[in-house]
Amino acid sequence: MKKSLLTILTFCILSFSACAQSSKSTGEKTMKTTINVTVNGVTKTATLVDNVATKALLELLAKGNVTVKTDDYGGFEKVGTFGTRLPTANSQINTVPGDIVLYQGNSISFFYDNNGWSYTMLGKLDITDVKEIKTFLAAGKGKTDIILSLKK
């Protein structure tokens, strides 16, 4: 019984520590809000962080779907412009596959590999397997339309 309790307590401490480090690295709190991300007819969800940019993004999506014409850049991301500016809250971020960020207020990047730069974190694809992220984002396959929409 003591061993089980110790194991559970250790797991809880490690889980809390990992969560604290994750939110510390982006400085953002995760929202419960998810959006749809559609690539080549396949739809996955992404969970947003809570900041001024995501609030503006949600307002934009409330008016209708947004299609972003993306292209591969640097072998680690798909990037494209919104056609409008969103407010920024930039900080130095070390991205991981699945991260979605705002760049320079008018571009969105979907990461399929790591990079470090000054971005505004928007959220994260709800996919954990790196190979699945790369396949979903059509990594390395050039121009790709990515459609963002509100979950219904």
# chains A, B, ... in the order shown; residues from 1 in each chain; ligands from 1
call {"tool": "residues_around", "arguments": {"residues": "Ser107 in chain A", "least_positions_apart": "3", "cutoff": "10 Å", "atoms": "only C-alpha atoms", "output": "list in words"}}
result
Val68, Thr70, Val79, Gly80, Thr81, Phe82, Gly83, Thr84, Arg85, Leu86, Val101, Leu102, Tyr103 and Gln104 of chain A
call {"tool": "residues_around", "arguments": {"residues": "range 40-51 of chain A", "least_positions_apart": "4", "cutoff": "9 Å", "atoms": "only C-alpha atoms", "output": "NGL selection string"}}
result
:A and (28-36 or 55-56 or 88-89 or 98 or 100 or 120-127 or 136-138 or 144-147 or 151)
call {"tool": "write_last_selection", "arguments": {"atoms": "C-alpha atoms", "output": "PDB file, in the first residue's frame"}}
result
ATOM      1  CA  GLU A  28       0.730  31.133 -21.705  1.00  0.00           C
ATOM      2  CA  LYS A  29      -2.111  29.237 -20.125  1.00  0.00           C
ATOM      3  CA  THR A  30      -3.866  26.613 -22.205  1.00  0.00           C
ATOM      4  CA  MET A  31      -7.488  27.400 -22.999  1.00  0.00           C
ATOM      5  CA  LYS A  32     -10.153  24.752 -23.172  1.00  0.00           C
ATOM      6  CA  THR A  33     -10.968  26.116 -26.630  1.00  0.00           C
ATOM      7  CA  THR A  34     -10.179  23.960 -29.621  1.00  0.00           C
ATOM      8  CA  ILE A  35     -10.413  24.759 -33.302  1.00  0.00           C
ATOM      9  CA  ASN A  36     -10.440  22.583 -36.389  1.00  0.00           C
ATOM     10  CA  LYS A  55      -8.919  35.917 -28.781  1.00  0.00           C
ATOM     11  CA  ALA A  56      -8.558  37.880 -32.031  1.00  0.00           C
ATOM     12  CA  THR A  88       1.080  39.962 -30.843  1.00  0.00           C
ATOM     13  CA  ALA A  89       2.520  38.908 -27.505  1.00  0.00           C
ATOM     14  CA  GLY A  98       2.634  20.432 -33.428  1.00  0.00           C
ATOM     15  CA  ILE A 100       1.108  26.736 -33.944  1.00  0.00           C
ATOM     16  CA  THR A 120       3.331  34.599 -30.293  1.00  0.00           C
ATOM     17  CA  MET A 121       2.141  31.153 -29.279  1.00  0.00           C
ATOM     18  CA  LEU A 122      -1.343  30.335 -30.585  1.00  0.00           C
ATOM     19  CA  GLY A 123      -1.704  26.700 -29.624  1.00  0.00           C
ATOM     20  CA  LYS A 124      -0.828  23.130 -30.409  1.00  0.00           C
ATOM     21  CA  LEU A 125      -2.187  20.441 -32.677  1.00  0.00           C
ATOM     22  CA  ASP A 126      -3.857  17.710 -30.656  1.00  0.00           C
ATOM     23  CA  ILE A 127      -1.516  15.134 -32.201  1.00  0.00           C
ATOM     24  CA  PHE A 136      -0.946  15.620 -41.560  1.00  0.00           C
ATOM     25  CA  LEU A 137       0.849  18.889 -42.431  1.00  0.00           C
ATOM     26  CA  ALA A 138       2.184  17.443 -45.722  1.00  0.00           C
ATOM     27  CA  THR A 144      -0.582  23.435 -48.958  1.00  0.00           C
ATOM     28  CA  ASP A 145      -3.882  25.092 -48.061  1.00  0.00           C
ATOM     29  CA  ILE A 146      -4.645  24.854 -44.329  1.00  0.00           C
ATOM     30  CA  ILE A 147      -8.184  25.700 -43.275  1.00  0.00           C
ATOM     31  CA  LYS A 151     -15.562  23.434 -33.856  1.00  0.00           C
TER      32      LYS A 151
END
call {"tool": "atom_distance", "arguments": {"atom1": "CA of Val39 in chain A", "atom2": "CA of Asn115 in chain A"}}
result
21.8 Å
call {"tool": "closest_residue", "arguments": {"among": "A:Asp113, A:Asp71, A:Glu59, A:Asp129", "to": "Asn94 in chain A", "atoms": "only C-alpha atoms"}}
result
A:Asp113
